[in-house]
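With mmCIF, C-alpha atoms inside, this is coords20.cif:
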data_protein
loop_
_atom_site.group_PDB
_atom_site.id
_atom_site.type_symbol
_atom_site.label_atom_id
_atom_site.label_comp_id
_atom_site.auth_asym_id
_atom_site.auth_seq_id
_atom_site.Cartn_x
_atom_site.Cartn_y
_atom_site.Cartn_z
ATOM 1 C CA MET A 1 -2.692 16.134 64.226
ATOM 2 C CA ALA A 2 -2.217 15.364 60.528
ATOM 3 C CA THR A 3 -0.468 17.868 58.334
ATOM 4 C CA ALA A 4 -1.012 18.524 54.681
ATOM 5 C CA THR A 5 1.638 17.607 52.166
ATOM 6 C CA PRO A 6 2.397 19.711 49.108
ATOM 7 C CA GLU A 7 -0.142 19.049 46.386
ATOM 8 C CA ARG A 8 1.198 17.151 43.426
ATOM 9 C CA LEU A 9 -0.738 18.544 40.522
ATOM 10 C CA ASP A 10 0.485 15.905 38.026
ATOM 11 C CA VAL A 11 0.362 18.496 35.288
ATOM 12 C CA PRO A 12 3.332 18.237 32.964
ATOM 13 C CA ILE A 13 5.323 21.441 33.122
ATOM 14 C CA ASP A 14 5.141 21.800 29.344
ATOM 15 C CA GLN A 15 1.390 22.467 29.686
ATOM 16 C CA GLY A 16 2.012 25.778 31.425
ATOM 17 C CA GLU A 17 3.138 27.217 34.703
ATOM 18 C CA PRO A 18 0.827 27.655 37.683
ATOM 19 C CA ASP A 19 0.453 30.831 39.682
ATOM 20 C CA GLY A 20 2.421 30.903 42.916
ATOM 21 C CA LEU A 21 5.442 28.941 44.058
ATOM 22 C CA TYR A 22 6.066 25.436 42.788
ATOM 23 C CA GLU A 23 8.797 22.904 42.124
ATOM 24 C CA VAL A 24 9.027 20.422 39.251
ATOM 25 C CA ILE A 25 9.399 16.771 40.253
ATOM 26 C CA ASP A 26 9.834 14.183 37.493
ATOM 27 C CA GLY A 27 8.369 16.643 35.000
ATOM 28 C CA CYS A 28 5.238 17.416 37.067
ATOM 29 C CA ILE A 29 4.365 20.573 38.957
ATOM 30 C CA VAL A 30 4.244 20.336 42.757
ATOM 31 C CA GLU A 31 2.946 23.350 44.669
ATOM 32 C CA LYS A 32 5.326 24.740 47.244
ATOM 33 C CA THR A 33 3.177 25.861 50.124
ATOM 34 C CA MET A 34 4.633 28.110 52.777
ATOM 35 C CA GLY A 35 2.939 29.917 55.585
ATOM 36 C CA ALA A 36 3.263 33.642 56.149
ATOM 37 C CA TYR A 37 5.733 33.161 59.012
ATOM 38 C CA GLU A 38 7.996 30.891 56.958
ATOM 39 C CA CYS A 39 7.998 33.423 54.094
ATOM 40 C CA TRP A 40 8.878 36.153 56.591
ATOM 41 C CA LEU A 41 11.667 34.042 58.097
ATOM 42 C CA ALA A 42 13.140 33.392 54.632
ATOM 43 C CA SER A 43 13.179 37.171 54.091
ATOM 44 C CA VAL A 44 14.989 37.667 57.407
ATOM 45 C CA VAL A 45 17.620 35.032 56.491
ATOM 46 C CA PHE A 46 18.122 36.715 53.108
ATOM 47 C CA GLU A 47 18.461 40.143 54.759
ATOM 48 C CA LEU A 48 21.080 38.799 57.186
ATOM 49 C CA ILE A 49 23.186 37.220 54.412
ATOM 50 C CA HIS A 50 22.857 40.022 51.853
ATOM 51 C CA PRO A 51 25.036 42.661 53.620
ATOM 52 C CA TYR A 52 27.830 40.088 53.955
ATOM 53 C CA ILE A 53 27.639 39.356 50.217
ATOM 54 C CA LYS A 54 27.644 43.094 49.390
ATOM 55 C CA ALA A 55 30.770 43.591 51.523
ATOM 56 C CA ASN A 56 32.376 40.343 50.305
ATOM 57 C CA PRO A 57 31.412 39.938 46.642
ATOM 58 C CA LEU A 58 31.743 36.156 46.455
ATOM 59 C CA GLY A 59 28.555 35.485 44.504
ATOM 60 C CA ARG A 60 24.819 36.063 44.538
ATOM 61 C CA VAL A 61 22.259 35.447 47.252
ATOM 62 C CA VAL A 62 18.707 34.883 46.009
ATOM 63 C CA GLN A 63 15.315 34.157 47.515
ATOM 64 C CA GLU A 64 12.753 31.709 46.067
ATOM 65 C CA MET A 65 14.772 31.150 42.870
ATOM 66 C CA ILE A 66 13.973 27.884 41.109
ATOM 67 C CA PHE A 67 17.065 25.880 40.107
ATOM 68 C CA ASP A 68 17.190 23.294 37.336
ATOM 69 C CA LEU A 69 19.047 20.296 38.818
ATOM 70 C CA ARG A 70 18.950 18.256 35.616
ATOM 71 C CA PRO A 71 20.656 16.186 34.264
ATOM 72 C CA HIS A 72 21.730 14.881 37.686
ATOM 73 C CA VAL A 73 18.173 14.533 39.016
ATOM 74 C CA ASP A 74 14.886 15.250 37.232
ATOM 75 C CA ARG A 75 14.016 18.107 39.542
ATOM 76 C CA GLU A 76 13.642 21.852 39.601
ATOM 77 C CA ARG A 77 13.947 22.856 43.240
ATOM 78 C CA ARG A 78 13.220 26.183 44.884
ATOM 79 C CA PRO A 79 15.204 26.678 48.101
ATOM 80 C CA ASP A 80 13.847 29.450 50.280
ATOM 81 C CA VAL A 81 17.226 31.210 50.119
ATOM 82 C CA ALA A 82 20.322 30.219 48.140
ATOM 83 C CA PHE A 83 23.862 31.398 47.535
ATOM 84 C CA VAL A 84 25.622 30.822 44.196
ATOM 85 C CA SER A 85 29.328 31.647 44.121
ATOM 86 C CA PHE A 86 31.041 33.466 41.283
ATOM 87 C CA GLU A 87 33.166 30.315 40.933
ATOM 88 C CA ARG A 88 30.021 28.498 39.806
ATOM 89 C CA TRP A 89 28.405 31.353 37.882
ATOM 90 C CA ALA A 90 30.840 34.083 36.825
ATOM 91 C CA ARG A 91 30.137 37.619 38.001
ATOM 92 C CA ASP A 92 29.913 38.921 34.430
ATOM 93 C CA ARG A 93 27.658 36.084 33.273
ATOM 94 C CA ARG A 94 24.046 37.259 33.173
ATOM 95 C CA ILE A 95 21.236 35.366 34.817
ATOM 96 C CA PRO A 96 19.174 33.960 31.938
ATOM 97 C CA ARG A 97 15.534 34.871 31.283
ATOM 98 C CA VAL A 98 14.253 31.339 31.791
ATOM 99 C CA ARG A 99 11.862 29.630 34.205
ATOM 100 C CA SER A 100 14.610 27.871 36.145
ATOM 101 C CA TRP A 101 18.267 28.720 36.581
ATOM 102 C CA ALA A 102 20.726 25.990 35.579
ATOM 103 C CA GLY A 103 23.207 27.230 38.207
ATOM 104 C CA ILE A 104 23.836 25.015 41.228
ATOM 105 C CA PRO A 105 23.770 26.750 44.622
ATOM 106 C CA ASP A 106 26.711 26.484 46.977
ATOM 107 C CA VAL A 107 24.286 26.953 49.896
ATOM 108 C CA ALA A 108 20.592 26.059 49.948
ATOM 109 C CA VAL A 109 18.408 27.198 52.847
ATOM 110 C CA GLU A 110 15.136 25.398 53.553
ATOM 111 C CA ILE A 111 12.647 26.803 56.078
ATOM 112 C CA ILE A 112 10.527 24.016 57.556
ATOM 113 C CA SER A 113 6.784 24.646 57.564
ATOM 114 C CA ARG A 114 3.829 22.587 58.723
ATOM 115 C CA THR A 115 3.477 21.014 55.282
ATOM 116 C CA ASN A 116 7.014 19.570 55.129
ATOM 117 C CA THR A 117 7.496 15.884 55.825
ATOM 118 C CA GLY A 118 10.666 14.210 57.039
ATOM 119 C CA ASP A 119 10.828 12.158 53.848
ATOM 120 C CA GLU A 120 10.554 15.285 51.739
ATOM 121 C CA VAL A 121 13.401 17.007 53.613
ATOM 122 C CA ALA A 122 15.599 13.882 53.373
ATOM 123 C CA GLU A 123 14.886 13.633 49.627
ATOM 124 C CA LYS A 124 15.870 17.265 49.089
ATOM 125 C CA LEU A 125 19.095 16.773 51.055
ATOM 126 C CA GLU A 126 19.996 13.756 48.888
ATOM 127 C CA GLU A 127 19.285 15.722 45.712
ATOM 128 C CA TYR A 128 21.142 18.843 46.780
ATOM 129 C CA PHE A 129 24.311 16.959 47.655
ATOM 130 C CA LYS A 130 24.073 14.756 44.569
ATOM 131 C CA VAL A 131 24.183 17.853 42.319
ATOM 132 C CA GLY A 132 27.025 19.517 44.249
ATOM 133 C CA VAL A 133 25.453 21.843 46.809
ATOM 134 C CA ARG A 134 28.121 22.365 49.473
ATOM 135 C CA GLN A 135 25.952 23.276 52.484
ATOM 136 C CA VAL A 136 22.260 22.969 53.287
ATOM 137 C CA TRP A 137 20.799 24.927 56.175
ATOM 138 C CA VAL A 138 17.500 23.498 57.373
ATOM 139 C CA VAL A 139 15.733 25.978 59.650
ATOM 140 C CA TYR A 140 13.201 24.623 62.155
ATOM 141 C CA PRO A 141 11.362 27.743 63.375
ATOM 142 C CA ARG A 142 9.230 26.066 66.055
ATOM 143 C CA GLN A 143 12.315 24.518 67.671
ATOM 144 C CA SER A 144 14.490 27.628 67.079
ATOM 145 C CA LYS A 145 17.190 25.420 65.541
ATOM 146 C CA ILE A 146 19.204 25.300 62.354
ATOM 147 C CA TYR A 147 20.615 22.018 61.085
ATOM 148 C CA VAL A 148 23.729 22.750 59.025
ATOM 149 C CA TYR A 149 24.498 19.881 56.647
ATOM 150 C CA THR A 150 27.790 19.518 54.805
ATOM 151 C CA SER A 151 26.727 16.088 53.537
ATOM 152 C CA THR A 152 23.698 13.880 54.042
ATOM 153 C CA THR A 153 25.397 12.299 57.057
ATOM 154 C CA LYS A 154 27.353 15.221 58.505
ATOM 155 C CA VAL A 155 25.208 17.718 60.387
ATOM 156 C CA ARG A 156 25.679 20.314 63.095
ATOM 157 C CA VAL A 157 22.619 21.367 65.103
ATOM 158 C CA LEU A 158 22.597 25.005 66.224
ATOM 159 C CA ALA A 159 20.285 26.530 68.826
ATOM 160 C CA PRO A 160 19.931 29.996 70.416
ATOM 161 C CA GLY A 161 23.307 30.947 71.872
ATOM 162 C CA ASP A 162 25.132 29.250 68.966
ATOM 163 C CA GLU A 163 26.561 30.906 65.893
ATOM 164 C CA LEU A 164 26.416 29.630 62.335
ATOM 165 C CA ASP A 165 29.584 30.250 60.370
ATOM 166 C CA GLY A 166 29.873 30.059 56.607
ATOM 167 C CA GLY A 167 32.917 27.795 56.680
ATOM 168 C CA ASP A 168 34.876 27.680 53.439
ATOM 169 C CA VAL A 169 31.735 28.477 51.410
ATOM 170 C CA LEU A 170 31.106 31.901 53.003
ATOM 171 C CA PRO A 171 34.373 32.592 54.841
ATOM 172 C CA GLY A 172 33.952 35.059 57.676
ATOM 173 C CA PHE A 173 30.156 34.955 57.604
ATOM 174 C CA ARG A 174 28.585 34.659 61.061
ATOM 175 C CA LEU A 175 24.922 34.351 61.959
ATOM 176 C CA SER A 176 23.812 34.426 65.561
ATOM 177 C CA ILE A 177 20.901 32.030 66.016
ATOM 178 C CA THR A 178 19.630 34.271 68.807
ATOM 179 C CA GLU A 179 19.714 37.321 66.503
ATOM 180 C CA LEU A 180 17.872 35.405 63.779
ATOM 181 C CA ILE A 181 15.140 34.336 66.197
ATOM 182 C CA GLU A 182 14.863 37.845 67.663
ATOM 183 C CA GLN A 183 14.560 39.469 64.222
ATOM 184 C CA ALA A 184 12.055 36.901 62.985
ATOM 185 C CA GLY A 185 9.994 36.790 66.159
ATOM 186 C CA GLU A 186 8.355 33.675 67.527
ATOM 187 C CA PRO A 187 5.998 31.761 65.221
ATOM 188 C CA ALA A 188 2.355 32.027 66.222
#
Since I need it in another form, could you write the structure as structure tokens?
Amino acid sequence: MATATPERLDVPIDQGEPDGLYEVIDGCIVEKTMGAYECWLASVVFELIHPYIKANPLGRVVQEMIFDLRPHVDRERRPDVAFVSFERWARDRRIPRVRSWAGIPDVAVEIISRTNTGDEVAEKLEEYFKVGVRQVWVVYPRQSKIYVYTSTTKVRVLAPGDELDGGDVLPGFRLSITELIEQAGEPA
């Protein structure tokens, strides 16, 4: 069965922003399509990280924030969930009122949907690590697995029964894969 890929609108971003979620690739708008389940799962991941961040004020956790990765790569990417440490963006520094935040996440979380391709995921991994992201969590809902990348070639695959730990990025953070799957429910 063929799957759809995100629609590249080839509309320069300076001609206006579209409604809905999008990313900017080489100056052109690309729709970011997510199903209802994937949106729900991103919310669950956010809700599981947020209490840890409130108790351990190390930075900010955000959902569907678009990040400006320039000048390193000509991209504005929108991870489903991201964490930006206060080391990278000081606690007292306000988030600017702009389309995309020039902060670089320490952690980027991508929820895989039916429209994602392997090439697209690999490209995002390359870009994230090129700009300095420290961890990328790629969540595969249908397989109930999380791939935790600390580089493009170093990955740990977690399944139900395993526990994700935040390492030196989110010290002390623990996420039970079983708990995540139970809270999110099975995809239909």
Legend entry - Given the PyMOL selection byres ((chain A and resi 56-61) around 7), the residues it picks as an MDAnalysis selection string: chainID A and resid 50 52:55 62 82:86
Legend entry - 9 Å contact set for Glu110 (chain A), only C-alpha atoms, chain neighbours under 2 positions out, as a list in words: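 Contacts, with the query itself left out: Ala42, Arg78, Pro79, Asp80, Val81, Ala82, Ala108, Ile112, Val121, Val136, Trp137, Val138, Val139 and Tyr140 of chain A.
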Inset, instruction - Calculate how many Å separate CA of Asp74 (chain A) from CA of Val98 (chain A), rounding to one decimal. - result: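 Computing the Euclidean distance for CA of Asp74 (chain A) and CA of Val98 (chain A) yields 17.0 Å.
Relative to CA of Gly166 (chain A), CA of Ser151 (chain A) is found at 14.6 Å.
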Inset, instruction - Give as a PyMOL selection string the set of residues within 6 Å of the point (24.7, 19.2, 63.0), where distances use the file's coordinates and only C-alpha atoms. - result: chain A and resi 147-148+155-157
Legend entry - For Pro141 (chain A): contacts at 9 Å, only C-alpha atoms, fewer than 6 positions along chain excluded, given as an MDAnalysis selection string: chainID A and resid 37:38 41 111:113 181 186:187
Writer output for current selection, C-alpha atoms, as a compact mmCIF listing (two decimals), in the coordinates of the input:
# COMPACT_ATOMS: atom_id res chain seq x y z
CA TYR A 37 5.73 33.16 59.01
CA GLU A 38 8.00 30.89 56.96
CA LEU A 41 11.67 34.04 58.10
CA ILE A 111 12.65 26.80 56.08
CA ILE A 112 10.53 24.02 57.56
CA SER A 113 6.78 24.65 57.56
CA ILE A 181 15.14 34.34 66.20
CA GLU A 186 8.36 33.67 67.53
CA PRO A 187 6.00 31.76 65.22
Legend entry - Expansion of the PyMOL selection byres ((chain A and resi 125-129) around 10) into residues, as an NGL selection string: :A and (69 or 72-75 or 77 or 79 or 104-108 or 110 or 119-124 or 130-138 or 149-153)
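Residue nearest Thr33 (chain A) within the list A:Arg114, A:Arg91, A:Arg99, A:Arg70: A:Arg114 [criterion: smallest interatomic distance, only C-alpha atoms].
Distance-wise, CA of Phe67 (chain A) and CA of Phe46 (chain A) end up 17.0 Å apart.
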Legend entry - Pick from A:Leu21, A:Ile146, A:Ile29, A:Val169, whichever lies nearest to Gln63 (chain A) using only C-alpha atoms: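 The closest residue to Gln63 (chain A) is A:Leu21.
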Inset, instruction - Give the answer as one residue: which of A:Ala36, A:Ile49, A:Val109, A:Val24 has the shortest atom-to-atom distance to Gly172 (chain A), using only C-alpha atoms? - result: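 Of the candidates, the smallest distance to Gly172 (chain A) is held by A:Ile49.
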